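Novice: Structure: work_6.cif, mmCIF, C-alpha atoms, pLDDT in the B column; chains and numbers go by the auth columns.
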```cif
data_model
#
loop_
_atom_site.group_PDB
_atom_site.id
_atom_site.type_symbol
_atom_site.label_atom_id
_atom_site.label_comp_id
_atom_site.label_asym_id
_atom_site.label_seq_id
_atom_site.Cartn_x
_atom_site.Cartn_y
_atom_site.Cartn_z
_atom_site.B_iso_or_equiv
_atom_site.auth_seq_id
_atom_site.auth_asym_id
ATOM 1 C CA MET A 1 -54.408 45.640 20.209 73.00 1 A
ATOM 2 C CA SER A 2 -56.841 43.697 18.078 88.00 2 A
ATOM 3 C CA VAL A 3 -56.826 42.116 14.650 93.00 3 A
ATOM 4 C CA TYR A 4 -59.293 43.311 12.028 94.00 4 A
ATOM 5 C CA ALA A 5 -60.242 41.796 8.662 94.00 5 A
ATOM 6 C CA VAL A 6 -60.244 43.901 5.519 94.00 6 A
ATOM 7 C CA LYS A 7 -62.189 42.680 2.455 95.00 7 A
ATOM 8 C CA THR A 8 -60.179 43.022 -0.769 94.00 8 A
ATOM 9 C CA THR A 9 -60.399 42.280 -4.458 92.00 9 A
ATOM 10 C CA ALA A 10 -59.435 38.661 -5.182 90.00 10 A
ATOM 11 C CA SER A 11 -55.707 38.163 -5.884 91.00 11 A
ATOM 12 C CA GLN A 12 -54.873 41.651 -4.589 92.00 12 A
ATOM 13 C CA GLU A 13 -54.375 40.737 -0.915 93.00 13 A
ATOM 14 C CA ARG A 14 -50.592 41.217 -0.872 94.00 14 A
ATOM 15 C CA THR A 15 -50.852 44.532 -2.705 94.00 15 A
ATOM 16 C CA VAL A 16 -53.414 45.841 -0.225 94.00 16 A
ATOM 17 C CA ALA A 17 -51.323 44.658 2.748 94.00 17 A
ATOM 18 C CA ASP A 18 -48.239 46.420 1.356 94.00 18 A
ATOM 19 C CA MET A 19 -50.193 49.626 0.765 93.00 19 A
ATOM 20 C CA ILE A 20 -51.669 49.578 4.289 93.00 20 A
ATOM 21 C CA ILE A 21 -48.196 49.256 5.811 92.00 21 A
ATOM 22 C CA SER A 22 -46.722 51.928 3.514 92.00 22 A
ATOM 23 C CA ARG A 23 -49.251 54.474 4.880 86.00 23 A
ATOM 24 C CA GLU A 24 -47.161 54.666 8.074 83.00 24 A
ATOM 25 C CA GLU A 25 -50.236 55.085 10.231 86.00 25 A
ATOM 26 C CA PRO A 26 -48.953 55.035 13.862 92.00 26 A
ATOM 27 C CA ASP A 27 -51.928 53.029 15.139 93.00 27 A
ATOM 28 C CA ILE A 28 -51.469 50.224 12.558 93.00 28 A
ATOM 29 C CA HIS A 29 -48.840 47.716 13.633 93.00 29 A
ATOM 30 C CA ALA A 30 -48.940 44.863 11.091 92.00 30 A
ATOM 31 C CA ALA A 31 -50.759 43.523 8.027 93.00 31 A
ATOM 32 C CA LEU A 32 -50.976 39.847 7.102 92.00 32 A
ATOM 33 C CA ALA A 33 -52.033 38.423 3.715 91.00 33 A
ATOM 34 C CA PRO A 34 -51.880 34.613 4.077 88.00 34 A
ATOM 35 C CA ASP A 35 -52.030 32.542 0.872 84.00 35 A
ATOM 36 C CA SER A 36 -54.743 30.309 2.305 82.00 36 A
ATOM 37 C CA LEU A 37 -57.104 33.236 2.957 86.00 37 A
ATOM 38 C CA THR A 38 -58.457 34.725 -0.272 90.00 38 A
ATOM 39 C CA SER A 39 -59.963 38.201 -0.525 93.00 39 A
ATOM 40 C CA TYR A 40 -59.048 39.174 3.046 94.00 40 A
ATOM 41 C CA VAL A 41 -56.136 40.886 4.767 95.00 41 A
ATOM 42 C CA MET A 42 -55.691 40.725 8.529 94.00 42 A
ATOM 43 C CA VAL A 43 -54.557 44.021 10.098 94.00 43 A
ATOM 44 C CA GLU A 44 -53.320 44.500 13.661 93.00 44 A
ATOM 45 C CA ALA A 45 -54.228 47.945 14.945 93.00 45 A
ATOM 46 C CA ASP A 46 -55.226 49.895 18.033 92.00 46 A
ATOM 47 C CA GLY A 47 -58.694 50.551 16.635 90.00 47 A
ATOM 48 C CA PRO A 48 -60.825 50.403 13.490 92.00 48 A
ATOM 49 C CA ALA A 49 -60.661 54.164 12.858 92.00 49 A
ATOM 50 C CA ALA A 50 -56.970 54.004 11.895 90.00 50 A
ATOM 51 C CA ILE A 51 -57.655 51.235 9.377 92.00 51 A
ATOM 52 C CA GLU A 52 -60.614 53.091 7.859 92.00 52 A
ATOM 53 C CA ARG A 53 -58.423 56.180 7.385 89.00 53 A
ATOM 54 C CA ALA A 54 -55.761 54.091 5.659 90.00 54 A
ATOM 55 C CA LEU A 55 -58.281 52.348 3.386 91.00 55 A
ATOM 56 C CA GLU A 56 -59.657 55.584 1.928 90.00 56 A
ATOM 57 C CA ASP A 57 -57.130 55.782 -0.957 88.00 57 A
ATOM 58 C CA ILE A 58 -56.241 52.093 -1.399 92.00 58 A
ATOM 59 C CA PRO A 59 -57.797 50.981 -4.699 91.00 59 A
ATOM 60 C CA HIS A 60 -58.323 47.227 -4.113 92.00 60 A
ATOM 61 C CA ALA A 61 -59.476 47.466 -0.491 92.00 61 A
ATOM 62 C CA ARG A 62 -63.239 47.058 -0.329 91.00 62 A
ATOM 63 C CA ASN A 63 -64.209 47.590 3.306 92.00 63 A
ATOM 64 C CA LEU A 64 -63.479 46.793 6.916 93.00 64 A
ATOM 65 C CA VAL A 65 -65.339 43.738 8.187 92.00 65 A
ATOM 66 C CA PRO A 66 -67.311 44.640 11.350 93.00 66 A
ATOM 67 C CA GLY A 67 -65.934 43.207 14.583 92.00 67 A
ATOM 68 C CA GLU A 68 -62.481 42.312 15.780 90.00 68 A
ATOM 69 C CA SER A 69 -60.446 39.163 16.361 88.00 69 A
ATOM 70 C CA SER A 70 -57.757 38.225 18.795 85.00 70 A
ATOM 71 C CA ILE A 71 -54.230 37.191 17.888 83.00 71 A
ATOM 72 C CA THR A 72 -55.025 33.592 18.884 84.00 72 A
ATOM 73 C CA GLU A 73 -57.599 33.351 16.072 85.00 73 A
ATOM 74 C CA VAL A 74 -55.002 34.166 13.384 85.00 74 A
ATOM 75 C CA GLU A 75 -52.047 32.440 15.025 84.00 75 A
ATOM 76 C CA HIS A 76 -52.280 29.412 12.717 83.00 76 A
ATOM 77 C CA PHE A 77 -51.512 31.677 9.725 83.00 77 A
ATOM 78 C CA LEU A 78 -48.216 32.720 11.311 81.00 78 A
ATOM 79 C CA SER A 79 -46.486 29.328 11.435 79.00 79 A
ATOM 80 C CA PRO A 80 -45.391 27.844 8.102 75.00 80 A
ATOM 81 C CA LYS A 81 -46.764 24.467 7.064 76.00 81 A
ATOM 82 C CA PRO A 82 -44.081 21.893 6.142 77.00 82 A
ATOM 83 C CA ASP A 83 -43.880 21.052 2.425 79.00 83 A
ATOM 84 C CA VAL A 84 -43.983 17.305 3.124 82.00 84 A
ATOM 85 C CA GLU A 85 -47.281 17.519 5.007 81.00 85 A
ATOM 86 C CA GLY A 86 -49.901 15.408 3.261 82.00 86 A
ATOM 87 C CA ILE A 87 -47.345 13.148 1.577 87.00 87 A
ATOM 88 C CA ALA A 88 -47.137 9.499 2.643 89.00 88 A
ATOM 89 C CA GLU A 89 -44.830 6.625 1.763 90.00 89 A
ATOM 90 C CA GLY A 90 -46.080 4.793 -1.314 90.00 90 A
ATOM 91 C CA ASP A 91 -47.708 7.893 -2.877 91.00 91 A
ATOM 92 C CA ILE A 92 -47.301 8.448 -6.590 92.00 92 A
ATOM 93 C CA VAL A 93 -45.799 11.896 -7.240 93.00 93 A
ATOM 94 C CA GLU A 94 -44.608 14.012 -10.123 93.00 94 A
ATOM 95 C CA LEU A 95 -41.372 15.966 -9.887 93.00 95 A
ATOM 96 C CA ILE A 96 -42.110 19.588 -10.779 92.00 96 A
ATOM 97 C CA ALA A 97 -38.579 21.010 -10.541 91.00 97 A
ATOM 98 C CA GLY A 98 -34.974 19.948 -10.860 88.00 98 A
ATOM 99 C CA PRO A 99 -33.229 17.669 -13.378 90.00 99 A
ATOM 100 C CA PHE A 100 -36.014 15.046 -13.273 89.00 100 A
ATOM 101 C CA LYS A 101 -38.829 17.551 -13.907 91.00 101 A
ATOM 102 C CA GLY A 102 -41.911 15.849 -15.337 91.00 102 A
ATOM 103 C CA GLU A 103 -40.913 12.349 -14.167 90.00 103 A
ATOM 104 C CA LYS A 104 -43.308 10.230 -12.127 93.00 104 A
ATOM 105 C CA ALA A 105 -42.016 8.494 -9.007 93.00 105 A
ATOM 106 C CA GLN A 106 -43.082 6.620 -5.901 93.00 106 A
ATOM 107 C CA VAL A 107 -42.306 7.954 -2.427 93.00 107 A
ATOM 108 C CA GLN A 108 -39.942 5.670 -0.512 94.00 108 A
ATOM 109 C CA ARG A 109 -39.022 7.756 2.541 93.00 109 A
ATOM 110 C CA ILE A 110 -39.964 11.109 4.080 93.00 110 A
ATOM 111 C CA ASP A 111 -37.607 13.214 6.203 91.00 111 A
ATOM 112 C CA GLU A 112 -39.837 15.792 7.892 86.00 112 A
ATOM 113 C CA GLY A 113 -36.936 17.402 9.774 85.00 113 A
ATOM 114 C CA LYS A 114 -35.150 18.345 6.560 88.00 114 A
ATOM 115 C CA ASP A 115 -38.364 18.735 4.532 89.00 115 A
ATOM 116 C CA GLN A 116 -37.086 16.205 1.991 92.00 116 A
ATOM 117 C CA VAL A 117 -38.590 13.194 0.240 94.00 117 A
ATOM 118 C CA THR A 118 -36.746 10.198 -1.218 94.00 118 A
ATOM 119 C CA VAL A 119 -38.466 8.869 -4.336 95.00 119 A
ATOM 120 C CA GLU A 120 -37.837 6.074 -6.817 94.00 120 A
ATOM 121 C CA LEU A 121 -38.339 7.002 -10.466 92.00 121 A
ATOM 122 C CA TYR A 122 -40.789 4.878 -12.488 87.00 122 A
ATOM 123 C CA GLU A 123 -39.187 5.248 -15.912 84.00 123 A
ATOM 124 C CA ALA A 124 -35.639 4.452 -14.755 84.00 124 A
ATOM 125 C CA THR A 125 -34.113 1.199 -16.003 87.00 125 A
ATOM 126 C CA VAL A 126 -32.311 0.723 -12.714 88.00 126 A
ATOM 127 C CA PRO A 127 -34.250 1.826 -9.612 85.00 127 A
ATOM 128 C CA ILE A 128 -32.257 4.704 -8.127 85.00 128 A
ATOM 129 C CA PRO A 129 -33.461 6.556 -5.018 92.00 129 A
ATOM 130 C CA VAL A 130 -33.499 10.320 -5.568 92.00 130 A
ATOM 131 C CA THR A 131 -33.843 12.775 -2.678 93.00 131 A
ATOM 132 C CA VAL A 132 -35.701 16.021 -3.470 93.00 132 A
ATOM 133 C CA ARG A 133 -37.130 18.919 -1.473 92.00 133 A
ATOM 134 C CA GLY A 134 -40.782 18.697 -0.514 89.00 134 A
ATOM 135 C CA ASP A 135 -41.725 21.721 -2.627 89.00 135 A
ATOM 136 C CA GLN A 136 -40.347 20.051 -5.778 91.00 136 A
ATOM 137 C CA ILE A 137 -43.031 17.357 -5.957 92.00 137 A
ATOM 138 C CA ARG A 138 -46.769 17.201 -6.536 90.00 138 A
ATOM 139 C CA VAL A 139 -48.876 14.279 -5.280 89.00 139 A
ATOM 140 C CA LEU A 140 -50.728 12.539 -8.119 87.00 140 A
ATOM 141 C CA ASP A 141 -52.174 9.531 -6.344 76.00 141 A
ATOM 142 C CA SER A 142 -52.215 8.762 -2.645 68.00 142 A
ATOM 143 C CA GLU A 143 -52.635 5.312 -1.115 63.00 143 A
ATOM 144 C CA GLU A 144 -54.587 6.849 1.791 54.00 144 A
ATOM 145 C CA ARG A 145 -57.515 7.807 -0.491 47.00 145 A
#
```
Render the structure in this file as structure tokens.
Specialist:
Amino acid sequence: MSVYAVKTTASQERTVADMIISREEPDIHAALAPDSLTSYVMVEADGPAAIERALEDIPHARNLVPGESSITEVEHFLSPKPDVEGIAEGDIVELIAGPFKGEKAQVQRIDEGKDQVTVELYEATVPIPVTVRGDQIRVLDSEER
């Protein structure tokens, strides 16, 4: 089995992947629409003919990219990236969810195992450490830059 790339309309990758899978073509095994890959869907199939048959009536699918890939070339799309990746102690962040939404804070500690960050709010009268999930913050200024 090989992996093939299908060119799609921008922002329609997930729709195309869902439609390819819903065709129930026996030679198509999986479709992947990673967020980091725009305008392309990766399809695992026995051959390109099965994908071309499936693409005939899918509106946002443009064409099949010539050539094939191996599973090792798309493996990095299959493992999720931790939310705290790219955050360092001392970074200035903004809380984008939770009770302190909109507040600015400084990162004090990072727990990669739990995907949590402990921050200290800037506007607070008394410095109180607050622990939030990594997906609830946005880095504004990093000391590493």
Novice: Tell me which protein, DNA and RNA residues are within 7 Å of Asp46 of chain A, counting all atoms listed in the file, leaving out same-chain ones fewer than 2 positions away, and put them as a list of chain:residue names.
Specialist: A:Met1, A:Ser2, A:Asp27, A:Ile28
Novice: Could you pull the residues within 7 Å of Arg133 of chain A, counting all atoms listed in the file, minus those fewer than 2 positions along the same chain, as a list in words?
Specialist: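 Returned residues: Asp115, Gln116, Val117, Asp135 and Gln136 of chain A.
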Novice: Find the distance between atom CA of Val126 of chain A and atom CA of Lys114 of chain A and write it in Å to one decimal.
Specialist: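 Separating atom CA of Val126 of chain A from atom CA of Lys114 of chain A is a distance of 26.3 Å.
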Novice: Name every residue that the PyMOL selection byres ((chain A and resi 83) around 7) selects in this structure, writing the answer as a list in words with chains first and numbers rising.
Specialist: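 After applying the PyMOL selection byres ((chain A and resi 83) around 7), what remains is Lys81, Pro82, Val84, Glu85, Asp115, Gly134 and Asp135 of chain A.
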Novice: To one decimal in Å, tell me the separation between atom CA of Ala5 of chain A and atom CA of Val41 of chain A.
Specialist: 5.7 Å
Novice: Compile the contact shell of segment 60-76 of chain A as JSON, numbers by chain: residues with an atom at most 10 Å away, counting all atoms listed in the file, same-chain residues fewer than 5 positions apart removed.
Specialist: {"A": [1, 2, 3, 4, 5, 6, 7, 8, 9, 10, 11, 12, 13, 15, 16, 17, 19, 20, 32, 34, 39, 40, 41, 42, 43, 44, 47, 48, 49, 51, 52, 54, 55, 81]}
Novice: Could you check which of A:Ala88, A:Ile21, A:Val139, A:Val132 is closest to Ile58 of chain A, using all atoms listed in the file?
Specialist: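 With all atoms listed in the file as the atom set, the closest residue is A:Ile21.
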Novice: For atom CA of Val107 of chain A and atom CA of Ala124 of chain A, quote the distance in Å rounded to one decimal.
Specialist: 14.4 Å
Novice: I need the residue nearest Ile87 of chain A from this list: A:Arg53, A:Arg109, A:Lys104, A:His29. Use all atoms listed in the file for the distance.
Specialist: A:Arg109
Novice: Return the single residue from A:Gly86, A:Pro129, A:Pro80, A:Gly113 that is closest to Ser36 of chain A, with distances computed using only C-alpha atoms.
Specialist: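 For Ser36 of chain A, the nearest of the given residues is A:Pro80.
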Novice: Would you give the centre and edge lengths, in Å to one decimal, of a box along x, y and z around the listed atoms of segment 54-57 of chain A, with 8 Å added to each side, as JSON?
Specialist:
```
{"center_x": -57.7, "center_y": 54.1, "center_z": 2.4, "size_x": 19.9, "size_y": 19.4, "size_z": 22.6}
```
